[in-house]
$ cat data_6.txt   # compact mmCIF, C-alpha atoms
# COMPACT_ATOMS: atom_id res chain seq x y z
CA MET W 1 158.40 99.33 116.75
CA ILE W 2 158.99 98.76 113.04
CA TYR W 3 162.64 97.99 113.78
CA SER W 4 161.75 95.32 116.38
CA ASP W 5 159.15 93.77 114.03
CA MET W 6 161.73 93.56 111.27
CA LEU W 7 164.25 92.08 113.66
CA TYR W 8 161.73 89.47 114.75
CA PHE W 9 160.94 88.70 111.09
CA VAL W 10 164.63 88.27 110.21
CA GLU W 11 165.24 86.17 113.33
CA ASN W 12 162.30 84.00 112.42
CA ILE W 13 163.63 83.43 108.91
CA GLY W 14 167.09 82.69 110.34
CA GLY W 15 165.64 80.27 112.89
CA LYS W 16 163.64 78.41 110.25
CA GLY W 17 166.68 78.35 107.94
CA LEU W 18 168.91 76.94 110.66
CA GLN W 19 166.27 74.37 111.61
CA SER W 20 165.94 73.25 107.97
CA ALA W 21 169.72 73.09 107.56
CA LEU W 22 170.11 71.01 110.73
CA SER W 23 167.26 68.71 109.67
CA PHE W 24 168.90 68.27 106.24
CA LYS W 25 172.26 67.52 107.89
CA ASP W 26 170.56 64.95 110.17
CA ALA W 27 168.86 63.32 107.18
CA MET W 28 172.16 63.13 105.28
CA SER W 29 174.07 61.62 108.22
CA PHE W 30 171.26 59.08 108.73
CA SER W 31 171.41 58.24 105.01
CA TYR W 32 175.18 57.77 105.26
CA LEU W 33 174.72 55.48 108.26
CA ILE W 34 172.26 53.28 106.34
CA LEU W 35 174.34 53.33 103.14
CA ALA W 36 177.42 52.25 105.10
CA ARG W 37 175.51 49.28 106.57
CA LEU W 38 174.16 48.40 103.13
CA PHE W 39 177.65 47.29 102.10
CA ASP W 40 178.63 45.71 105.44
CA ARG W 41 178.41 41.92 105.21
CA ARG W 42 178.17 41.56 109.00
CA ALA W 43 174.83 43.38 108.95
CA TYR W 44 173.10 40.42 107.31
CA ASN W 45 171.73 37.26 108.97
CA SER W 46 168.67 35.01 108.66
CA ALA W 47 166.49 37.42 110.68
CA VAL W 48 167.37 40.32 108.37
CA SER W 49 166.73 38.13 105.28
CA MET W 50 163.32 37.19 106.69
CA VAL W 51 162.37 40.86 107.18
CA LEU W 52 163.74 41.70 103.72
CA LEU W 53 161.61 39.02 102.00
CA ASN W 54 158.50 40.12 103.93
CA GLN W 55 159.10 43.75 103.03
CA ILE W 56 159.61 42.99 99.33
CA TYR W 57 156.35 41.03 99.43
CA PHE W 58 154.48 43.89 101.17
CA THR W 59 155.97 46.61 98.96
CA ALA W 60 156.34 45.08 95.51
CA VAL W 61 153.97 42.09 95.35
CA GLN W 62 150.86 43.12 97.31
CA ILE W 63 150.61 46.36 95.34
CA LEU W 64 150.60 44.58 91.94
CA PRO W 65 146.82 44.61 91.17
CA LEU W 66 146.52 48.34 91.97
CA PHE W 67 149.84 49.09 90.29
CA LEU W 68 149.05 47.25 87.05
CA THR W 69 145.61 48.87 86.81
CA ALA W 70 147.10 52.34 87.33
CA ALA W 71 149.99 51.62 84.93
CA ILE W 72 147.65 50.41 82.14
CA CYS W 73 145.24 53.37 82.55
CA LEU W 74 148.05 55.96 82.63
CA SER W 75 149.91 54.36 79.72
CA ILE W 76 146.83 54.23 77.48
CA ALA W 77 145.90 57.81 78.37
CA PHE W 78 149.39 59.25 77.81
CA VAL W 79 150.16 57.21 74.67
CA GLY W 80 146.78 58.25 73.22
CA ILE W 81 147.22 61.95 74.04
CA ILE W 82 150.82 62.09 72.80
CA GLY W 83 150.09 60.09 69.61
CA GLU W 84 146.95 62.04 68.67
CA TYR W 85 148.63 65.39 69.32
CA LEU W 86 151.76 64.52 67.33
CA LEU W 87 149.57 63.31 64.45
CA SER W 88 147.53 66.52 64.50
CA ILE W 89 150.64 68.74 64.25
CA GLY W 90 152.35 66.44 61.73
CA LEU W 91 155.25 65.42 63.97
CA PHE W 92 154.45 61.74 64.40
CA SER W 93 158.14 60.94 63.82
CA LEU W 94 158.68 62.14 67.42
CA PHE W 95 156.35 59.42 68.77
CA GLY W 96 159.25 57.04 69.57
CA PRO W 97 161.52 59.60 71.27
CA LEU W 98 158.61 60.96 73.33
CA LEU W 99 157.58 57.48 74.37
CA VAL W 100 161.12 56.62 75.51
CA ASN W 101 162.40 59.95 76.86
CA PHE W 102 159.18 61.19 78.44
CA MET W 103 156.98 58.20 79.20
CA ILE W 104 159.58 55.56 80.08
CA ALA W 105 162.34 57.79 81.49
CA GLU W 106 160.17 60.27 83.39
CA ILE W 107 156.56 59.14 83.89
CA ALA W 108 157.34 55.50 84.78
CA PRO W 109 159.63 56.23 87.77
CA PHE W 110 157.54 59.20 88.93
CA ALA W 111 154.19 57.37 88.87
CA THR W 112 155.76 54.27 90.46
CA VAL W 113 157.32 56.21 93.32
CA LEU W 114 154.06 58.09 93.95
CA LEU W 115 152.08 54.83 94.18
CA ILE W 116 154.64 53.16 96.47
CA ALA W 117 154.97 56.27 98.64
CA LEU W 118 151.21 56.46 99.08
CA ARG W 119 150.98 52.83 100.09
CA SER W 120 154.24 51.76 101.70
CA SER W 121 155.96 54.91 102.99
CA SER W 122 152.95 55.80 105.11
CA ALA W 123 152.74 52.21 106.40
CA ILE W 124 156.46 52.13 107.30
CA ASN W 125 156.21 55.52 109.00
CA ALA W 126 153.24 54.41 111.11
CA GLU W 127 154.82 51.01 111.86
CA ILE W 128 158.06 52.50 113.21
CA ALA W 129 156.18 55.18 115.17
CA VAL W 130 153.91 52.52 116.75
CA MET W 131 156.95 50.41 117.63
CA LYS W 132 158.53 53.44 119.29
CA VAL W 133 155.39 54.23 121.30
CA ASN W 134 154.97 50.56 122.33
CA LYS W 135 158.62 50.50 123.49
CA GLU W 136 159.37 47.71 121.00
CA LEU W 137 162.48 49.57 119.83
CA ASN W 138 163.53 49.42 123.48
CA THR W 139 163.11 45.62 123.36
CA LEU W 140 165.50 45.37 120.44
CA GLU W 141 168.03 47.50 122.28
CA VAL W 142 167.70 45.40 125.46
CA PHE W 143 168.39 42.23 123.48
CA GLN W 144 171.28 43.92 121.67
CA ILE W 145 169.62 43.64 118.29
CA ASP W 146 170.91 46.41 116.06
CA ILE W 147 167.88 48.50 115.08
CA ILE W 148 169.50 49.77 111.89
CA ASN W 149 170.47 46.28 110.72
CA TYR W 150 167.26 44.52 111.72
CA LEU W 151 164.56 47.15 111.12
CA PHE W 152 165.86 49.84 108.79
CA LEU W 153 168.25 48.10 106.40
CA PRO W 154 165.81 45.47 105.03
CA ARG W 155 163.10 48.10 104.56
CA VAL W 156 165.47 50.40 102.66
CA ILE W 157 166.72 47.54 100.44
CA ALA W 158 163.12 46.44 99.82
CA GLY W 159 162.22 50.03 98.90
CA ILE W 160 165.09 50.30 96.39
CA VAL W 161 164.42 46.87 94.85
CA SER W 162 160.66 47.44 94.67
CA VAL W 163 160.82 50.88 93.03
CA VAL W 164 163.41 49.69 90.47
CA LEU W 165 161.49 46.50 89.59
CA LEU W 166 158.08 48.20 89.45
CA THR W 167 159.49 51.01 87.31
CA CYS W 168 160.75 48.38 84.86
CA LEU W 169 157.31 46.76 84.93
CA PHE W 170 155.69 50.15 84.28
CA ALA W 171 158.06 50.63 81.32
CA VAL W 172 157.03 47.22 79.94
CA VAL W 173 153.34 48.17 80.33
CA ILE W 174 153.98 51.46 78.46
CA VAL W 175 155.72 49.61 75.60
CA VAL W 176 152.92 47.01 75.33
CA CYS W 177 150.12 49.62 75.55
CA GLY W 178 151.95 51.74 72.97
CA LEU W 179 152.22 48.73 70.66
CA ILE W 180 148.50 47.92 70.93
CA TYR W 181 147.34 51.55 70.72
CA SER W 182 149.57 52.46 67.77
CA GLY W 183 148.50 49.28 65.97
CA PHE W 184 144.79 50.00 66.40
CA PHE W 185 144.64 53.79 66.07
CA PHE W 186 147.72 54.86 64.09
CA ASN W 187 147.92 51.82 61.75
CA MET W 188 151.54 51.30 62.79
CA SER W 189 153.00 47.83 62.30
CA ALA W 190 154.71 46.09 65.23
CA ARG W 191 158.02 46.07 63.34
CA ASP W 192 157.90 49.87 62.73
CA TYR W 193 156.91 50.48 66.34
CA ILE W 194 159.79 48.42 67.73
CA ALA W 195 162.26 49.99 65.27
CA THR W 196 161.12 53.49 66.37
CA LEU W 197 161.58 52.61 70.04
CA LEU W 198 165.00 51.02 69.50
CA GLU W 199 166.16 54.05 67.54
CA SER W 200 165.10 56.38 70.34
CA ALA W 201 166.31 54.34 73.31
CA GLY W 202 169.85 54.82 74.55
CA PHE W 203 171.71 52.71 77.10
CA PHE W 204 172.39 55.82 79.17
CA ASP W 205 168.64 56.59 79.44
CA LEU W 206 167.98 53.16 80.88
CA ILE W 207 170.83 53.50 83.39
CA ALA W 208 169.61 56.99 84.36
CA MET W 209 166.06 55.66 84.87
CA THR W 210 167.33 52.81 87.05
CA VAL W 211 169.57 55.06 89.16
CA LYS W 212 166.76 57.58 89.62
CA SER W 213 164.37 54.81 90.68
CA ALA W 214 166.93 53.50 93.18
CA VAL W 215 167.41 57.00 94.66
CA PHE W 216 163.63 57.40 94.88
CA GLY W 217 163.35 54.00 96.59
CA PHE W 218 166.03 54.88 99.11
CA PHE W 219 164.53 58.21 100.17
CA ILE W 220 160.85 57.22 100.26
CA VAL W 221 161.76 54.61 102.89
CA MET W 222 164.57 56.37 104.73
CA ILE W 223 162.53 59.52 105.42
CA PRO W 224 159.47 57.75 106.95
CA ILE W 225 161.79 55.59 109.09
CA ARG W 226 163.57 58.68 110.39
CA HIS W 227 160.29 60.42 111.20
CA GLY W 228 158.85 57.26 112.76
CA THR W 229 161.73 57.10 115.23
CA ARG W 230 160.99 60.69 116.24
CA ALA W 231 157.64 59.72 117.79
CA THR W 232 157.52 60.22 121.55
CA ASP W 233 155.99 57.86 124.15
CA GLU W 234 152.52 59.31 123.54
CA LEU W 235 149.98 57.78 121.16
CA THR W 236 149.14 61.24 119.80
CA SER W 237 152.66 61.56 118.42
CA ILE W 238 151.98 58.81 115.83
CA PRO W 239 149.79 60.88 113.44
CA VAL W 240 152.17 63.84 113.85
CA ALA W 241 155.17 61.66 112.94
CA VAL W 242 153.32 60.19 109.93
CA ARG W 243 152.20 63.64 108.71
CA HIS W 244 155.73 65.10 108.94
CA GLY W 245 157.21 62.01 107.30
CA MET W 246 154.80 61.97 104.38
CA VAL W 247 155.13 65.71 103.69
CA ASN W 248 158.91 65.30 103.61
CA VAL W 249 158.63 62.25 101.35
CA PHE W 250 156.68 64.27 98.76
CA ILE W 251 159.13 67.19 99.02
CA ALA W 252 162.01 64.72 98.49
CA ILE W 253 160.27 63.18 95.44
CA VAL W 254 159.89 66.62 93.82
CA ILE W 255 163.51 67.60 94.63
CA ILE W 256 164.89 64.32 93.21
CA GLU W 257 162.74 64.68 90.07
CA VAL W 258 163.92 68.26 89.49
CA LEU W 259 167.56 67.36 90.21
CA SER W 260 167.37 64.42 87.80
CA LEU W 261 166.02 66.74 85.08
CA VAL W 262 169.02 69.04 85.62
CA VAL W 263 171.77 66.50 86.22
CA THR W 264 170.90 63.79 83.66
CA PRO W 265 171.37 65.99 80.53
CA MET W 266 174.64 67.35 81.97
CA ILE W 267 176.06 63.84 82.51
CA SER W 268 174.69 62.77 79.13
CA LYS W 269 176.60 65.64 77.45
CA LEU W 270 179.80 64.74 79.33
CA ILE W 271 179.55 61.12 78.16
CA MET H 1 171.65 45.42 137.03
CA ARG H 2 174.82 47.48 137.38
CA ALA H 3 176.60 44.38 138.65
CA PHE H 4 175.75 42.51 135.43
CA ILE H 5 176.95 45.41 133.35
CA ALA H 6 180.16 45.58 135.40
CA ARG H 7 180.66 41.82 134.80
CA ARG H 8 179.91 42.42 131.10
CA GLN H 9 177.32 39.69 131.31
CA ARG H 10 174.39 39.44 128.94
CA VAL H 11 171.00 39.92 130.53
CA GLY H 12 167.90 38.09 129.35
CA LEU H 13 165.44 40.67 130.59
CA VAL H 14 161.77 39.93 131.28
CA SER H 15 160.13 43.29 131.77
CA ARG H 16 157.15 45.36 130.79
CA GLU H 17 159.72 47.82 129.43
CA ALA H 18 160.81 45.23 126.85
CA PRO H 19 157.54 43.96 125.33
CA LEU H 20 157.14 41.35 122.61
CA ILE H 21 157.40 42.67 119.05
CA SER H 22 153.78 42.98 117.98
CA ASN H 23 154.26 42.39 114.25
CA LEU H 24 155.95 39.03 114.92
CA SER H 25 154.28 35.82 116.06
CA VAL H 26 155.19 34.26 119.42
CA LEU H 27 157.43 31.73 117.62
CA GLU H 28 159.20 34.46 115.63
CA ASN H 29 159.69 36.57 118.77
CA ILE H 30 161.52 33.73 120.50
CA ALA H 31 163.40 32.57 117.38
CA LEU H 32 164.62 36.11 116.62
CA ILE H 33 167.08 35.98 119.54
CA GLY H 34 168.61 32.72 118.27
CA GLN H 35 168.75 34.02 114.70
CA TYR H 36 170.49 37.17 115.81
CA HIS H 37 172.85 36.08 118.54
CA GLY H 38 173.37 32.42 117.66
CA ARG H 39 173.53 33.22 113.89
CA LEU H 40 171.09 30.29 113.48
CA SER H 41 169.11 29.70 110.32
CA ARG H 42 165.43 30.57 110.51
CA ARG H 43 164.41 26.89 110.45
CA ARG H 44 166.86 25.92 113.21
CA ALA H 45 165.91 28.88 115.43
CA GLU H 46 162.19 28.22 114.99
CA ALA H 47 162.65 24.52 115.81
CA MET H 48 164.46 25.53 118.99
CA ALA H 49 161.73 28.06 119.87
CA ARG H 50 159.03 25.43 119.29
CA GLU H 51 160.89 23.03 121.60
CA TYR H 52 160.96 25.74 124.29
CA LEU H 53 157.23 26.39 123.85
CA GLN H 54 156.53 22.66 124.20
CA ARG H 55 158.47 22.65 127.45
CA LEU H 56 155.92 25.08 128.92
CA GLY H 57 153.00 23.43 127.13
CA LEU H 58 152.43 26.56 125.06
CA GLU H 59 152.92 25.16 121.55
CA GLU H 60 149.40 26.24 120.54
CA LEU H 61 150.50 29.88 121.00
CA ALA H 62 153.22 29.63 118.33
CA ASP H 63 151.34 31.53 115.63
CA ARG H 64 149.60 34.04 117.87
CA ARG H 65 150.71 37.63 118.33
CA ASN H 66 151.28 39.71 121.45
CA PRO H 67 147.89 41.49 121.71
CA SER H 68 145.97 38.19 121.71
CA LEU H 69 147.92 36.69 124.64
CA GLN H 70 146.76 36.55 128.25
CA GLU H 71 149.02 38.06 130.92
CA GLU H 72 150.46 34.72 132.11
CA GLN H 73 150.98 33.51 128.55
CA ARG H 74 152.76 36.76 127.66
CA PHE H 75 155.01 36.42 130.72
CA SER H 76 155.90 32.81 129.85
CA VAL H 77 156.74 33.75 126.26
CA MET H 78 158.94 36.59 127.51
CA VAL H 79 160.77 34.17 129.83
CA LEU H 80 161.33 31.79 126.89
CA ARG H 81 162.60 34.65 124.75
CA ALA H 82 165.03 35.67 127.48
CA ALA H 83 166.13 32.03 127.86
CA MET H 84 167.11 31.96 124.16
CA LEU H 85 169.93 34.40 124.90
CA GLU H 86 172.96 32.17 125.42
CA ASP H 87 175.36 32.66 128.36
CA SER H 88 173.10 35.19 129.95
CA VAL H 89 171.59 35.90 133.33
CA LEU H 90 167.81 35.76 133.50
CA ALA H 91 166.47 38.96 135.07
CA LEU H 92 162.80 39.38 135.95
CA ASP H 93 161.83 43.00 136.40
CA ARG H 94 158.69 43.43 138.56
CA PRO H 95 156.84 40.32 137.31
CA PHE H 96 153.73 41.16 139.35
CA GLU H 97 153.36 44.37 137.32
CA MET H 98 153.02 42.20 134.22
CA MET H 99 150.49 39.94 135.96
CA PRO H 100 148.64 42.11 138.53
CA ALA H 101 145.95 39.47 139.07
CA LEU H 102 148.52 36.91 140.28
CA GLY H 103 148.24 36.47 144.06
CA GLU H 104 151.50 34.61 144.70
CA SER H 105 154.76 33.75 143.03
CA ARG H 106 154.26 30.00 142.46
CA PHE H 107 153.52 30.48 138.75
CA ILE H 108 156.66 32.62 138.36
CA TYR H 109 158.89 30.00 140.04
CA GLU H 110 157.33 27.16 138.04
CA THR H 111 157.93 28.99 134.78
CA ILE H 112 161.54 29.76 135.67
CA GLY H 113 162.00 26.17 136.86
CA LYS H 114 161.02 24.81 133.45
CA VAL H 115 163.74 26.80 131.70
CA ALA H 116 166.22 26.56 134.61
CA GLU H 117 168.51 24.05 132.89
CA THR H 118 169.45 26.66 130.30
CA ARG H 119 170.31 29.31 132.92
CA ARG H 120 173.03 29.52 135.52
CA GLU H 121 171.57 32.52 137.28
CA CYS H 122 168.17 34.07 137.69
CA HIS H 123 167.36 37.26 139.53
CA VAL H 124 163.99 38.75 140.38
CA PHE H 125 163.70 42.47 141.03
CA ASP H 126 160.57 43.78 142.68
CA TYR H 127 159.22 46.22 145.25
CA PHE H 128 159.36 45.31 148.96
CA LEU H 129 155.60 45.62 149.16
CA ASN H 130 155.37 42.44 147.05
CA GLU H 131 157.58 40.46 149.46
CA ARG H 132 154.60 38.67 151.00
CA ARG H 133 153.45 37.41 147.58
CA TYR H 134 156.89 35.84 147.04
CA ARG H 135 156.87 34.24 150.52
CA ARG H 136 153.49 32.69 149.82
CA GLY H 137 154.80 31.25 146.54
CA SER H 138 157.92 29.85 148.22
CA ALA H 139 155.83 28.20 150.96
CA HIS H 140 153.80 26.40 148.30
CA GLU H 141 157.00 25.31 146.56
CA ALA H 142 158.33 23.87 149.85

$ encode --input "data_6.txt" --output "structure tokens"
Amino acid sequence: MIYSDMLYFVENIGGKGLQSALSFKDAMSFSYLILARLFDRRAYNSAVSMVLLNQIYFTAVQILPLFLTAAICLSIAFVGIIGEYLLSIGLFSLFGPLLVNFMIAEIAPFATVLLIALRSSSAINAEIAVMKVNKELNTLEVFQIDIINYLFLPRVIAGIVSVVLLTCLFAVVIVVCGLIYSGFFFNMSARDYIATLLESAGFFDLIAMTVKSAVFGFFIVMIPIRHGTRATDELTSIPVAVRHGMVNVFIAIVIIEVLSLVVTPMISKLI
Amino acid sequence: MRAFIARRQRVGLVSREAPLISNLSVLENIALIGQYHGRLSRRRAEAMAREYLQRLGLEELADRRNPSLQEEQRFSVMVLRAAMLEDSVLALDRPFEMMPALGESRFIYETIGKVAETRRECHVFDYFLNERRYRRGSAHEA
């Protein structure tokens, strides 16, 4: 009895492991397919450009009021906490490095990707699932319109562009909030503040932040698209597809964040 | 259908299985085919789509989306979309299923007739039980 229970337990683990491995392999081959099209000139036409512009508007422009409010609140809170704490322990000289290496390099991309994932990834997931249920993907196939080129590619590009641009905007908000806060509460002149930031900022950090944002942008759109296409012909499959997609998006965000924390210092040392 | 595939001919399909894209307007649905297959600019494709809509007297539908269309309007837009596909055969798949309230085929023939100059061939596929509805439509046409 105990032996059969253990066997069942091991089989279960093996089954789940295999399922996860297959799902990961599927996700990687789908990513490769989209990346290959990204650099194929034949994939682009006026219809794709139209979808791309719409998607950039939906993802990066419509979110601006919410995004700016969140960015200002988070920046003021973090700059205040970091500054006050460093002052209290007598290490205010680390204010610049912490602002650049923690706030700009880590918090800006992470907060940006969370906001965009909450708003746009769920919308994209639901949109593709609804199109699948309504047989609209079938329409595109019937009229020989490449689904990857027309539907997926512009959304992925818009995701990458939006996350990168909004991360840069978040970084600008952090710098401006830091300037105002340090001027008012730490009696720091603008010249000293800028000098501290410039001393702490490296070109590699900026490149790493941009690359990380682009990777975030790619996966928070690619994963919902993939799960949206997995919806069946039934309406009830839409919430299931969205739930699976969003859970996987958040797992991917955490994995990318952890990987970036491991890989970035290694590359930095090599350079 | 298999014959078209064997002849490697494009098929402009009008079917319930190929609905209009619901997040695009009527004009964009029709123009999309020209933008994709004719590599037309958006402006050129939309001008062409508007001209097609005018031909059926449906220009006021240009900015509307699929859910707000009536059955006959939806059918006409789907015919126009299929007509945008160059060098293709127009294939109507069970049109009475798209318009169950339609008693006879006159409306179907009239719609096809208005886009006929762009098509060399048009085929209608339907169940035998609808044969009488087609006969009635043909009699009116005569």

$ closest_residue --input "data_6.txt" --among "W:Tyr32, W:Phe170, W:Phe39, W:Phe152" --to "Leu64 (chain W)" --atoms "all atoms listed in the file"
W:Phe170

$ interface_residues --input "data_6.txt" --of "chain H" --to "chain W" --cutoff "12 Å" --atoms "only C-alpha atoms" --output "MDAnalysis selection string"
chainID H and resid 10:24 28:46 66:67 78 81:86 88 90:91

$ atom_distance --input "data_6.txt" --atom1 "CA of Ala214 (chain W)" --atom2 "CA of Pro97 (chain W)"
23.4 Å

$ residues_around --input "data_6.txt" --residues "Gly183 (chain W)" --least-positions-apart "4" --cutoff "12 Å" --atoms "all atoms listed in the file" --output "list in words"
Val79, Gly80, Gly83, Val176, Cys177, Gly178, Leu179, Asn187, Met188, Ser189, Ala190, Arg191, Asp192, Tyr193 and Ile194 of chain W

$ residues_around --input "data_6.txt" --residues "Leu115 (chain W)" --least-positions-apart "6" --cutoff "9 Å" --atoms "only C-alpha atoms" --output "list of chain:residue names"
W:Ile63, W:Leu66, W:Phe67, W:Ala70

$ atom_distance --input "data_6.txt" --atom1 "CA of Glu11 (chain W)" --atom2 "CA of Asp26 (chain W)"
22.1 Å

$ residues_around --input "data_6.txt" --residues "region 58-61 of chain H" --least-positions-apart "5" --cutoff "9 Å" --atoms "all atoms listed in the file" --output "list in words"
Ser25, Val26, Leu27, Arg50, Glu51, Tyr52, Leu53, Leu69, Gln73, Ser76 and Val77 of chain H

$ atom_distance --input "data_6.txt" --atom1 "CA of Gly103 (chain H)" --atom2 "CA of Glu121 (chain H)"
24.6 Å

$ residues_around --input "data_6.txt" --residues "Ile160 (chain W)" --least-positions-apart "4" --cutoff "10 Å" --atoms "all atoms listed in the file" --output "list in words"
Ile56, Pro154, Arg155, Val156, Val164, Leu165, Thr210, Val211, Ser213, Ala214, Val215, Phe216, Gly217, Phe218, Phe219, Ile220 and Val221 of chain W

$ residues_around --input "data_6.txt" --residues "Leu33 (chain W)" --least-positions-apart "2" --cutoff "12 Å" --atoms "all atoms listed in the file" --output "JSON, numbers by chain"
{"W": [26, 27, 28, 29, 30, 31, 35, 36, 37, 38, 39, 40, 147, 148, 149, 152, 153, 156, 222, 226]}

$ closest_residue --input "data_6.txt" --among "W:Leu94, W:Ile174, W:Met6, W:Met246" --to "Glu199 (chain W)" --atoms "only C-alpha atoms"
W:Leu94

$ closest_residue --input "data_6.txt" --among "H:Asp93, H:Asp87, H:Asp126, H:Tyr109" --to "Gln9 (chain H)" --atoms "only C-alpha atoms"
H:Asp87

$ residues_near_point --input "data_6.txt" --point "(147.3, 36.0, 134.0)" --cutoff "9 Å" --atoms "only C-alpha atoms" --output "MDAnalysis selection string"
chainID H and resid 70:75 98:102

$ write_last_selection --input "data_6.txt" --atoms "C-alpha atoms" --output "compact mmCIF listing (two decimals), in the frame of the given file"
# COMPACT_ATOMS: atom_id res chain seq x y z
CA GLN H 70 146.76 36.55 128.25
CA GLU H 71 149.02 38.06 130.92
CA GLU H 72 150.46 34.72 132.11
CA GLN H 73 150.98 33.51 128.55
CA ARG H 74 152.76 36.76 127.66
CA PHE H 75 155.01 36.42 130.72
CA MET H 98 153.02 42.20 134.22
CA MET H 99 150.49 39.94 135.96
CA PRO H 100 148.64 42.11 138.53
CA ALA H 101 145.95 39.47 139.07
CA LEU H 102 148.52 36.91 140.28

$ axis_aligned_box --input "data_6.txt" --around "region 28-40 of chain W" --padding-each-side "8 Å" --output "JSON"
{"center_x": 174.9, "center_y": 54.4, "center_z": 105.4, "size_x": 23.4, "size_y": 33.4, "size_z": 22.6}

$ decode --input "data_6.txt" --residues "region 89-94 of chain W" --atoms "all heavy atoms" --output "PDB file, in the first residue's frame"
ATOM      1  N   ILE W  89      21.724  56.819   9.679  1.00  0.00           N
ATOM      2  CA  ILE W  89      22.872  55.940   9.995  1.00  0.00           C
ATOM      3  C   ILE W  89      24.195  56.565   9.526  1.00  0.00           C
ATOM      4  O   ILE W  89      25.233  55.910   9.531  1.00  0.00           O
ATOM      5  CB  ILE W  89      22.695  54.522   9.390  1.00  0.00           C
ATOM      6  CG1 ILE W  89      22.531  54.587   7.869  1.00  0.00           C
ATOM      7  CG2 ILE W  89      21.523  53.789  10.031  1.00  0.00           C
ATOM      8  CD1 ILE W  89      22.577  53.219   7.187  1.00  0.00           C
ATOM      9  N   GLY W  90      24.104  57.821   9.051  1.00  0.00           N
ATOM     10  CA  GLY W  90      25.327  58.557   8.688  1.00  0.00           C
ATOM     11  C   GLY W  90      25.986  58.081   7.406  1.00  0.00           C
ATOM     12  O   GLY W  90      27.196  58.160   7.254  1.00  0.00           O
ATOM     13  N   LEU W  91      25.195  57.520   6.503  1.00  0.00           N
ATOM     14  CA  LEU W  91      25.768  57.043   5.225  1.00  0.00           C
ATOM     15  C   LEU W  91      25.107  57.756   4.035  1.00  0.00           C
ATOM     16  O   LEU W  91      24.806  57.145   3.025  1.00  0.00           O
ATOM     17  CB  LEU W  91      25.555  55.523   5.101  1.00  0.00           C
ATOM     18  CG  LEU W  91      26.417  54.630   5.980  1.00  0.00           C
ATOM     19  CD1 LEU W  91      25.985  53.178   5.864  1.00  0.00           C
ATOM     20  CD2 LEU W  91      27.895  54.750   5.586  1.00  0.00           C
ATOM     21  N   PHE W  92      24.895  59.067   4.200  1.00  0.00           N
ATOM     22  CA  PHE W  92      24.178  59.788   3.140  1.00  0.00           C
ATOM     23  C   PHE W  92      24.972  59.834   1.823  1.00  0.00           C
ATOM     24  O   PHE W  92      24.413  60.086   0.763  1.00  0.00           O
ATOM     25  CB  PHE W  92      23.819  61.203   3.598  1.00  0.00           C
ATOM     26  CG  PHE W  92      22.780  61.845   2.735  1.00  0.00           C
ATOM     27  CD1 PHE W  92      21.458  61.404   2.767  1.00  0.00           C
ATOM     28  CD2 PHE W  92      23.135  62.859   1.844  1.00  0.00           C
ATOM     29  CE1 PHE W  92      20.505  61.973   1.939  1.00  0.00           C
ATOM     30  CE2 PHE W  92      22.174  63.432   1.008  1.00  0.00           C
ATOM     31  CZ  PHE W  92      20.859  62.985   1.068  1.00  0.00           C
ATOM     32  N   SER W  93      26.273  59.519   1.914  1.00  0.00           N
ATOM     33  CA  SER W  93      27.095  59.497   0.681  1.00  0.00           C
ATOM     34  C   SER W  93      26.617  58.397  -0.280  1.00  0.00           C
ATOM     35  O   SER W  93      26.929  58.430  -1.474  1.00  0.00           O
ATOM     36  CB  SER W  93      28.559  59.276   1.035  1.00  0.00           C
ATOM     37  OG  SER W  93      28.662  58.077   1.773  1.00  0.00           O
ATOM     38  N   LEU W  94      25.868  57.423   0.269  1.00  0.00           N
ATOM     39  CA  LEU W  94      25.359  56.335  -0.586  1.00  0.00           C
ATOM     40  C   LEU W  94      24.020  56.679  -1.243  1.00  0.00           C
ATOM     41  O   LEU W  94      23.432  55.843  -1.932  1.00  0.00           O
ATOM     42  CB  LEU W  94      25.187  55.043   0.236  1.00  0.00           C
ATOM     43  CG  LEU W  94      26.456  54.374   0.740  1.00  0.00           C
ATOM     44  CD1 LEU W  94      26.115  53.161   1.580  1.00  0.00           C
ATOM     45  CD2 LEU W  94      27.328  53.943  -0.438  1.00  0.00           C
TER      46      LEU W  94
END
